[in-house]
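**Student:** This is target_33.cif, which holds mmCIF, C-alpha atoms:
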```
data_run
#
loop_
_atom_site.label_atom_id
_atom_site.label_comp_id
_atom_site.auth_asym_id
_atom_site.auth_seq_id
_atom_site.Cartn_x
_atom_site.Cartn_y
_atom_site.Cartn_z
CA MET A 1 -45.33 28.25 74.07
CA ASN A 2 -46.16 29.54 70.66
CA GLY A 3 -42.50 30.46 70.10
CA THR A 4 -41.40 26.89 70.80
CA ASP A 5 -44.06 25.48 68.45
CA PHE A 6 -42.82 27.66 65.56
CA ARG A 7 -39.08 27.21 66.17
CA MET A 8 -39.09 23.42 65.98
CA PRO A 9 -40.57 23.21 62.43
CA ALA A 10 -38.18 25.99 61.33
CA ARG A 11 -35.16 24.02 62.51
CA ARG A 12 -36.45 20.92 60.84
CA LEU A 13 -37.02 22.91 57.65
CA ALA A 14 -33.42 24.13 57.69
CA THR A 15 -32.11 20.59 58.22
CA VAL A 16 -34.27 19.11 55.46
CA ALA A 17 -33.40 21.90 53.00
CA THR A 18 -29.68 21.51 53.65
CA ALA A 19 -29.75 17.74 53.27
CA THR A 20 -31.80 18.06 50.08
CA ALA A 21 -29.39 20.57 48.56
CA LEU A 22 -26.33 18.50 49.41
CA ALA A 23 -27.91 15.27 48.12
CA ALA A 24 -29.22 16.84 44.93
CA GLY A 25 -25.87 18.38 43.97
CA PRO A 26 -24.03 15.15 43.08
CA ALA A 27 -27.13 13.70 41.42
CA ALA A 28 -27.59 16.76 39.23
CA LEU A 29 -23.95 16.77 38.12
CA ALA A 30 -24.01 13.04 37.52
CA GLY A 31 -27.08 13.46 35.30
CA ALA A 32 -25.37 16.21 33.32
CA ALA A 33 -22.28 14.08 32.80
CA SER A 34 -24.28 11.10 31.55
CA ALA A 35 -26.18 13.31 29.10
CA HIS A 36 -22.91 14.23 27.36
CA ALA A 37 -21.52 10.68 27.33
CA THR A 38 -21.94 9.11 23.87
CA PRO A 39 -20.71 5.66 22.84
CA ASP A 40 -18.10 5.34 20.11
CA GLN A 41 -20.24 4.37 17.14
CA GLY A 42 -19.02 2.42 14.16
CA ARG A 43 -18.92 3.80 10.62
CA ALA A 44 -19.25 2.33 7.14
CA SER A 45 -19.32 3.52 3.55
CA ALA A 46 -19.74 2.10 0.07
CA VAL A 47 -19.54 3.47 -3.46
CA VAL A 48 -20.05 1.81 -6.85
CA LEU A 49 -18.11 4.35 -8.93
CA ARG A 50 -15.99 7.38 -8.14
CA THR A 51 -14.10 9.28 -10.84
CA GLY A 52 -11.33 11.82 -10.69
CA LEU A 53 -10.71 12.55 -14.38
CA ASP A 54 -9.72 15.59 -16.40
CA VAL A 55 -11.27 15.81 -19.87
CA SER A 56 -9.56 18.12 -22.36
CA LEU A 57 -11.58 19.07 -25.45
CA LEU A 58 -10.53 20.77 -28.70
CA ASP A 59 -6.77 20.45 -28.30
CA LYS A 60 -6.91 21.31 -24.57
CA THR A 61 -8.69 24.64 -25.15
CA VAL A 62 -11.57 23.43 -22.95
CA ASN A 63 -10.98 21.49 -19.73
CA VAL A 64 -13.85 19.71 -18.02
CA PRO A 65 -13.38 17.86 -14.71
CA LEU A 66 -15.20 14.54 -14.72
CA ALA A 67 -16.09 14.06 -11.07
CA VAL A 68 -18.88 11.54 -10.60
CA ALA A 69 -19.88 9.41 -7.62
CA LEU A 70 -22.49 6.71 -8.21
CA ASN A 71 -24.41 5.16 -5.34
CA GLU A 72 -22.22 6.58 -2.59
CA VAL A 73 -23.62 5.82 0.87
CA GLN A 74 -22.37 6.31 4.42
CA ALA A 75 -23.53 5.25 7.87
CA PRO A 76 -23.94 5.40 11.13
CA GLN A 77 -27.46 5.60 9.70
CA SER A 78 -27.80 2.59 7.45
CA ALA A 79 -28.32 3.41 3.78
CA GLN A 80 -28.60 1.71 0.41
CA LYS A 81 -28.61 2.88 -3.22
CA ALA A 82 -28.99 0.99 -6.48
CA ALA A 83 -28.94 3.41 -9.43
CA LEU A 84 -27.74 1.77 -12.65
CA THR A 85 -26.42 4.74 -14.64
CA ALA A 86 -23.96 7.56 -13.98
CA ARG A 87 -24.34 10.46 -16.42
CA LEU A 88 -22.35 13.61 -17.12
CA ASP A 89 -23.57 16.66 -19.03
CA GLY A 90 -21.60 19.01 -21.28
CA VAL A 91 -18.72 16.86 -22.55
CA ASP A 92 -20.21 15.18 -25.62
CA GLY A 93 -21.29 18.01 -27.90
CA GLY A 94 -23.65 19.26 -25.22
CA GLN A 95 -25.41 15.88 -25.00
CA PRO A 96 -25.67 13.83 -21.80
CA PHE A 97 -22.84 11.31 -21.57
CA ASN A 98 -23.24 7.95 -19.82
CA VAL A 99 -20.12 7.15 -17.84
CA LEU A 100 -21.39 3.85 -16.47
CA ARG A 101 -24.17 1.42 -17.32
CA ALA A 102 -24.76 -1.74 -15.30
CA ASP A 103 -27.36 -4.43 -14.76
CA VAL A 104 -26.64 -4.37 -11.03
CA ALA A 105 -25.03 -1.51 -9.11
CA ASP A 106 -25.72 -1.87 -5.41
CA ALA A 107 -24.06 -0.05 -2.50
CA LYS A 108 -25.01 -0.62 1.14
CA ALA A 109 -23.67 0.58 4.48
CA THR A 110 -24.98 -0.72 7.81
CA VAL A 111 -24.00 0.01 11.40
CA THR A 112 -25.23 -1.61 14.62
CA ALA A 113 -23.96 -1.47 18.17
CA GLU A 114 -21.76 -4.53 17.50
CA LYS A 115 -20.81 -4.27 13.81
CA ALA A 116 -20.20 -1.89 10.89
CA GLU A 117 -20.24 -3.14 7.31
CA GLY A 118 -19.87 -1.70 3.82
CA TYR A 119 -20.82 -3.68 0.72
CA THR A 120 -20.86 -3.07 -3.05
CA ASN A 121 -21.99 -5.28 -5.91
CA LEU A 122 -21.47 -4.37 -9.56
CA ALA A 123 -22.54 -6.68 -12.39
CA HIS A 124 -22.38 -6.54 -16.20
CA ALA A 125 -20.95 -3.03 -16.16
CA ARG A 126 -19.65 -0.96 -19.07
CA LEU A 127 -17.54 2.08 -18.31
CA HIS A 128 -17.05 4.81 -20.94
CA VAL A 129 -15.04 8.01 -21.16
CA PRO A 130 -15.46 10.92 -23.62
CA GLY A 131 -13.71 10.38 -26.96
CA LEU A 132 -14.55 6.67 -27.03
CA PRO A 133 -18.30 6.55 -27.70
CA LEU A 134 -18.25 3.04 -29.18
CA LEU A 135 -15.39 1.42 -27.27
CA SER A 136 -15.77 0.67 -23.56
CA LEU A 137 -12.90 1.64 -21.31
CA VAL A 138 -13.75 -1.36 -19.13
CA GLU A 139 -16.34 -4.15 -19.35
CA LEU A 140 -16.66 -6.65 -16.53
CA GLY A 141 -18.83 -9.46 -15.24
CA THR A 142 -19.42 -9.21 -11.50
CA VAL A 143 -17.28 -7.61 -8.81
CA THR A 144 -18.05 -7.30 -5.12
CA SER A 145 -16.30 -5.60 -2.24
CA LYS A 146 -17.04 -6.10 1.43
CA ALA A 147 -15.55 -4.60 4.57
CA THR A 148 -16.70 -5.92 7.95
CA CYS A 149 -15.66 -4.47 11.31
CA GLU A 150 -17.00 -6.15 14.46
CA ALA A 151 -16.39 -4.80 17.93
CA GLY A 152 -13.52 -6.62 19.59
CA LYS A 153 -12.61 -8.64 16.45
CA PRO A 154 -10.05 -8.14 13.66
CA PRO A 155 -11.61 -6.28 10.67
CA VAL A 156 -11.99 -8.16 7.38
CA ALA A 157 -11.82 -6.76 3.82
CA ALA A 158 -12.19 -8.66 0.54
CA SER A 159 -13.01 -8.15 -3.14
CA ASN A 160 -14.10 -10.83 -5.59
CA LEU A 161 -14.37 -10.97 -9.37
CA LEU A 162 -16.50 -13.33 -11.44
CA GLY A 163 -16.43 -13.38 -15.22
CA ALA A 164 -14.19 -11.80 -17.82
CA VAL A 165 -12.71 -8.31 -17.80
CA THR A 166 -12.17 -6.39 -21.05
CA VAL A 167 -10.06 -3.23 -21.17
CA LEU A 168 -10.09 -1.11 -24.36
CA GLY A 169 -11.40 -4.12 -26.28
CA LYS A 170 -8.77 -6.54 -24.89
CA LYS A 171 -9.53 -9.38 -22.49
CA VAL A 172 -7.22 -9.31 -19.51
CA THR A 173 -6.43 -11.59 -16.58
CA LEU A 174 -6.20 -9.85 -13.23
CA THR A 175 -4.28 -11.05 -10.20
CA VAL A 176 -5.36 -10.33 -6.64
CA GLY A 177 -3.34 -7.44 -5.24
CA GLY A 178 -1.48 -7.07 -8.52
CA THR A 179 -1.24 -4.44 -11.27
CA THR A 180 -2.13 -5.02 -14.90
CA GLU A 181 -1.24 -2.60 -17.70
CA VAL A 182 -3.07 -2.42 -21.01
CA LYS A 183 -1.76 -0.31 -23.91
CA VAL A 184 -3.61 0.15 -27.17
CA PRO A 185 -1.75 2.17 -29.83
CA GLY A 186 -3.70 5.17 -31.04
CA VAL A 187 -6.21 4.82 -28.20
CA GLY A 188 -4.55 5.01 -24.81
CA GLU A 189 -3.29 3.25 -21.70
CA VAL A 190 -5.00 1.83 -18.64
CA ARG A 191 -3.34 0.51 -15.47
CA LEU A 192 -5.56 -1.62 -13.24
CA ASP A 193 -5.07 -2.56 -9.59
CA PHE A 194 -7.38 -5.41 -8.61
CA SER A 195 -8.59 -6.24 -5.12
CA LYS A 196 -6.78 -3.68 -3.02
CA THR A 197 -7.45 -4.22 0.70
CA GLU A 198 -6.28 -2.50 3.85
CA THR A 199 -6.96 -3.32 7.50
CA THR A 200 -5.96 -1.90 10.87
CA THR A 201 -7.00 -2.85 14.39
CA ARG A 202 -10.44 -1.24 13.90
CA THR A 203 -10.79 -0.31 10.21
CA ALA A 204 -10.96 -2.06 6.85
CA ALA A 205 -11.20 -1.00 3.20
CA ALA A 206 -11.68 -3.04 0.03
CA THR A 207 -11.52 -1.73 -3.56
CA ALA A 208 -12.42 -4.08 -6.39
CA LEU A 209 -10.79 -2.08 -9.18
CA GLU A 210 -8.72 1.07 -9.25
CA LEU A 211 -7.81 2.38 -12.70
CA ALA A 212 -5.26 4.96 -13.84
CA VAL A 213 -6.32 6.13 -17.30
CA THR A 214 -4.68 8.02 -20.16
CA VAL A 215 -6.80 8.09 -23.32
CA ASN A 216 -6.17 10.17 -26.47
CA PRO A 217 -7.84 8.48 -29.47
CA LEU A 218 -5.61 8.57 -32.57
CA ASN A 219 -3.72 11.45 -30.92
CA LEU A 220 -6.26 13.84 -32.46
CA ASN A 221 -6.60 15.80 -29.20
CA VAL A 222 -10.36 15.71 -29.66
CA ALA A 223 -10.92 14.36 -26.16
CA GLU A 224 -7.92 13.56 -23.98
CA VAL A 225 -8.85 11.93 -20.71
CA THR A 226 -6.47 11.42 -17.78
CA GLY A 227 -7.00 10.52 -14.13
CA THR A 228 -8.31 7.73 -11.92
CA LEU A 229 -11.46 5.69 -11.46
CA THR A 230 -12.55 3.57 -8.52
CA LEU A 231 -15.02 0.72 -8.90
CA ALA A 232 -16.77 -1.04 -6.01
CA LYS A 233 -15.22 0.27 -2.80
CA ALA A 234 -16.31 -0.49 0.76
CA THR A 235 -14.96 0.73 4.11
CA CYS A 236 -15.79 0.30 7.79
CA GLU A 237 -14.71 1.27 11.30
CA ALA A 238 -15.64 -0.99 14.21
CA PRO A 239 -17.71 0.26 17.15
CA ALA A 240 -15.91 0.31 20.46
CA PRO A 241 -16.55 -2.81 22.58
CA ALA A 242 -19.44 -2.37 25.01
CA GLN A 243 -17.21 -2.62 28.09
CA GLN A 244 -15.11 0.26 26.77
CA GLN A 245 -18.13 2.45 25.98
CA SER A 246 -19.40 2.52 29.57
CA ALA A 247 -16.44 1.38 31.65
CA PRO A 248 -16.73 2.77 35.21
CA SER A 249 -13.82 4.67 36.69
CA THR A 250 -11.49 2.50 38.78
CA ALA A 251 -9.41 5.36 40.17
CA PRO A 252 -9.15 5.18 43.99
CA ALA A 253 -10.94 7.87 45.93
CA ASP A 254 -8.77 10.62 47.37
CA VAL A 255 -9.47 10.22 51.10
CA LYS A 256 -8.18 12.88 53.50
CA PRO A 257 -8.48 13.24 57.27
CA GLN A 258 -11.49 15.23 58.39
CA GLY A 259 -10.65 18.88 58.74
CA ALA A 260 -7.66 18.68 56.36
CA PRO A 261 -7.79 21.51 53.81
CA ASP A 262 -8.46 20.40 50.23
CA ASP A 263 -6.44 22.88 48.18
CA THR A 264 -6.15 20.75 45.01
CA GLY A 265 -6.94 23.01 42.09
CA LEU A 266 -7.95 25.91 44.27
CA ALA A 267 -4.99 28.05 43.28
CA ALA A 268 -5.96 27.82 39.64
CA THR A 269 -9.76 27.82 39.82
CA GLY A 270 -10.67 29.18 43.24
CA GLY A 271 -12.81 26.15 43.99
CA SER A 272 -13.03 22.38 43.93
CA SER A 273 -15.52 19.72 42.80
CA THR A 274 -17.39 20.04 46.14
CA THR A 275 -17.89 23.78 45.83
CA PRO A 276 -21.39 23.55 44.21
CA TYR A 277 -22.64 21.35 47.06
CA LEU A 278 -21.30 23.67 49.78
CA VAL A 279 -22.79 26.71 48.09
CA GLY A 280 -26.13 24.95 47.67
CA GLY A 281 -26.13 23.90 51.32
CA ALA A 282 -25.19 27.38 52.50
CA ILE A 283 -28.01 28.94 50.49
CA ALA A 284 -30.47 26.45 51.91
CA LEU A 285 -29.31 27.24 55.45
CA VAL A 286 -29.61 30.97 54.90
CA VAL A 287 -33.12 30.67 53.48
CA ALA A 288 -34.30 28.29 56.16
CA GLY A 289 -32.65 30.35 58.94
CA GLY A 290 -34.30 33.52 57.68
CA GLY A 291 -37.66 31.79 57.73
CA ALA A 292 -37.08 30.54 61.24
CA VAL A 293 -36.20 34.02 62.51
CA ALA A 294 -39.28 35.50 60.87
CA LEU A 295 -41.54 32.87 62.39
CA ALA A 296 -39.94 33.33 65.78
CA ARG A 297 -40.56 37.07 65.67
CA ARG A 298 -44.19 36.53 64.77
CA GLY A 299 -44.53 34.15 67.71
CA ARG A 300 -43.21 36.73 70.14
CA SER A 301 -45.48 39.40 68.76
#
```
Can you present the structure in this file as structure tokens?

**Tutor:**
Amino acid sequence: MNGTDFRMPARRLATVATATALAAGPAALAGAASAHATPDQGRASAVVLRTGLDVSLLDKTVNVPLAVALNEVQAPQSAQKAALTARLDGVDGGQPFNVLRADVADAKATVTAEKAEGYTNLAHARLHVPGLPLLSLVELGTVTSKATCEAGKPPVAASNLLGAVTVLGKKVTLTVGGTTEVKVPGVGEVRLDFSKTETTTRTAAATALELAVTVNPLNLNVAEVTGTLTLAKATCEAPAPAQQQSAPSTAPADVKPQGAPDDTGLAATGGSSTTPYLVGGAIALVVAGGGAVALARRGRS
């Protein structure tokens, strides 16, 4: 009588343990898969000024790279900067040298689940290079660049200019998407590309001004400056549409007759996707069976 009373709970224990192990296996793997799944976030960036210049001092006996980035921001985490001066040390007789001064110099990058956007705004700016302490390389009124990338929509990029532009003391007229060259004898040359934009299916980039510079005042080789400058640039990459971020699998299930061997992938890996569940169930059966035997023996004794 006692043996029967102990054997019934043991069998139930084995059944419950097996069912629990087999049910928990898929849930555990599904949880692990979802933990690694991350949506395709958007990206954005903005920069007020970026320089890539080489400064040669004292008849090219001293070379100083002029690499400055003012108010450079990037997202997925939204950011904003608004410093008004970019300064470089060690190229003007050991004194700090102001590359850019502006009344407004704003760069902002924002990213949400639906949209990524970069934006720059530069107003009343004066750009200088070594060797020209009194003459601005460029003076301008207001320029803005904006790149907007919304999920599922064509990206948009644009740059705008308000007010006059002066290059090496000369007023110039810029054309959208065009190149303007300014040459000043005894001073140097500047080539300007205004409002350069690029778009793809998910990205956009807008640059208000891109300058190629060669400056050698009076050919004295006191400070020869060559290279490029970028003013007011914004970029973005759109987030993936929501339906693409979490689209469920539509592949049909591979149904086989019961008892048919499933040898897909077994030759290479020695197992299949159901192996963890079978192992878990087998362990549960062994544990529960051992407990049942032990209880049965106690009942007989």

**Student:** Give the answer as one residue: which of A:Asn98, A:Gln74, A:Leu49, A:Gly152 has the shortest atom-to-atom distance to Ala242 of chain A, using all atoms listed in the file?

**Tutor:**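 Closest to Ala242 of chain A, using all atoms listed in the file: A:Gly152.
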
**Student:** When distances are computed from all atoms listed in the file, which of A:Pro217, A:Pro154, A:Gly118, A:Gly42 shows the smallest separation from Gln80 of chain A?

**Tutor:** A:Gly118

**Student:** Could you pull the residues within 7 Å of Val104 of chain A, counting all atoms listed in the file, minus those fewer than 4 positions along the same chain, as an MDAnalysis selection string?

**Tutor:** chainID A and resid 84 121:123

**Student:** Quick one: apply the PyMOL selection byres ((chain A and resi 147) around 8) to the file and drop the selected residues here as a PDB file with C-alpha atoms, in the frame of the given file.

**Tutor:**
```pdb
ATOM      1  CA  GLU A 117     -20.240  -3.140   7.310  1.00  0.00           C
ATOM      2  CA  GLY A 118     -19.870  -1.700   3.820  1.00  0.00           C
ATOM      3  CA  TYR A 119     -20.820  -3.680   0.720  1.00  0.00           C
ATOM      4  CA  SER A 145     -16.300  -5.600  -2.240  1.00  0.00           C
ATOM      5  CA  LYS A 146     -17.040  -6.100   1.430  1.00  0.00           C
ATOM      6  CA  THR A 148     -16.700  -5.920   7.950  1.00  0.00           C
ATOM      7  CA  CYS A 149     -15.660  -4.470  11.310  1.00  0.00           C
ATOM      8  CA  PRO A 155     -11.610  -6.280  10.670  1.00  0.00           C
ATOM      9  CA  VAL A 156     -11.990  -8.160   7.380  1.00  0.00           C
ATOM     10  CA  ALA A 157     -11.820  -6.760   3.820  1.00  0.00           C
ATOM     11  CA  ALA A 158     -12.190  -8.660   0.540  1.00  0.00           C
ATOM     12  CA  ALA A 204     -10.960  -2.060   6.850  1.00  0.00           C
ATOM     13  CA  ALA A 205     -11.200  -1.000   3.200  1.00  0.00           C
ATOM     14  CA  ALA A 206     -11.680  -3.040   0.030  1.00  0.00           C
ATOM     15  CA  ALA A 234     -16.310  -0.490   0.760  1.00  0.00           C
ATOM     16  CA  THR A 235     -14.960   0.730   4.110  1.00  0.00           C
ATOM     17  CA  CYS A 236     -15.790   0.300   7.790  1.00  0.00           C
TER      18      CYS A 236
END
```

**Student:** At what distance in Å, to one decimal, does atom CA of Ala109 of chain A lie from atom CA of Gly227 of chain A?

**Tutor:**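 Atom CA of Ala109 of chain A lies at a distance of 26.9 Å from atom CA of Gly227 of chain A.
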
**Student:** So which one's closest to Gln41 of chain A, A:Asn71, A:Thr110, A:Ser56, A:Asn216? Using all atoms listed in the file, please.

**Tutor:**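 Nearest to Gln41 of chain A: A:Thr110.
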
**Student:** Write out as a ChimeraX atom specification each polymer residue whose atoms come within 8 Å of Phe194 of chain A, counting only C-alpha atoms; drop sequence neighbours fewer than 4 positions from it.

**Tutor:** /A:174-179,207-210

**Student:** Quick one: everything within 7 Å of Val73 of chain A, counting all atoms listed in the file, minus sequence neighbours fewer than 5 positions away in the same chain. Send it as a VMD selection string.

**Tutor:** chain A and resid 45 to 47 79 to 80 107 to 109

**Student:** Can you translate the PyMOL selection byres ((chain A and resi 50) around 8) into the concrete residues it hits in this file, as a ChimeraX atom specification?

**Tutor:** /A:47-49,51-52,67-70,229-231

**Student:** What's around Asp103 of chain A at 10 Å? Count only C-alpha atoms, leave out sequence neighbours fewer than 2 positions away in its own chain, and write the answer as number ranges by chain.

**Tutor:** A: 83-85, 101, 105-106, 122-126, 141-142

**Student:** Go ahead and compute the interatomic distance for atom CA of Lys171 of chain A and atom CA of Lys183 of chain A, in Å to one decimal.

**Tutor:**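 The value is 12.0 Å.
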
**Student:** Using Å and a single decimal, report how far atom CA of Gly169 of chain A sits from atom CA of Leu135 of chain A.

**Tutor:** 6.9 Å

**Student:** When you count all atoms listed in the file, which of these residues is closest to Glu139 of chain A: A:Leu218, A:Val167, A:Val172, A:Val225?

**Tutor:** A:Val167

**Student:** Nearest to Val187 of chain A among A:Ala151, A:Pro76, A:Val129, A:Leu161, with distances taken over all atoms listed in the file: which residue is it?

**Tutor:**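 The shortest atom-to-atom distance to Val187 of chain A comes from A:Val129.
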
**Student:** Ranking A:Thr173, A:Thr226, A:Ser136, A:Thr144 by minimum distance to Asn63 of chain A and counting all atoms listed in the file, which one comes first?

**Tutor:**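 Comparing A:Thr173, A:Thr226, A:Ser136, A:Thr144 against Asn63 of chain A, the winner is A:Thr226.
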
**Student:** Would you mind listing what lies within 6 Å of Ala212 of chain A as JSON, numbers by chain, with all atoms listed in the file counted and same-chain residues fewer than 4 positions away left out?

**Tutor:** {"A": [190, 191, 227, 228]}
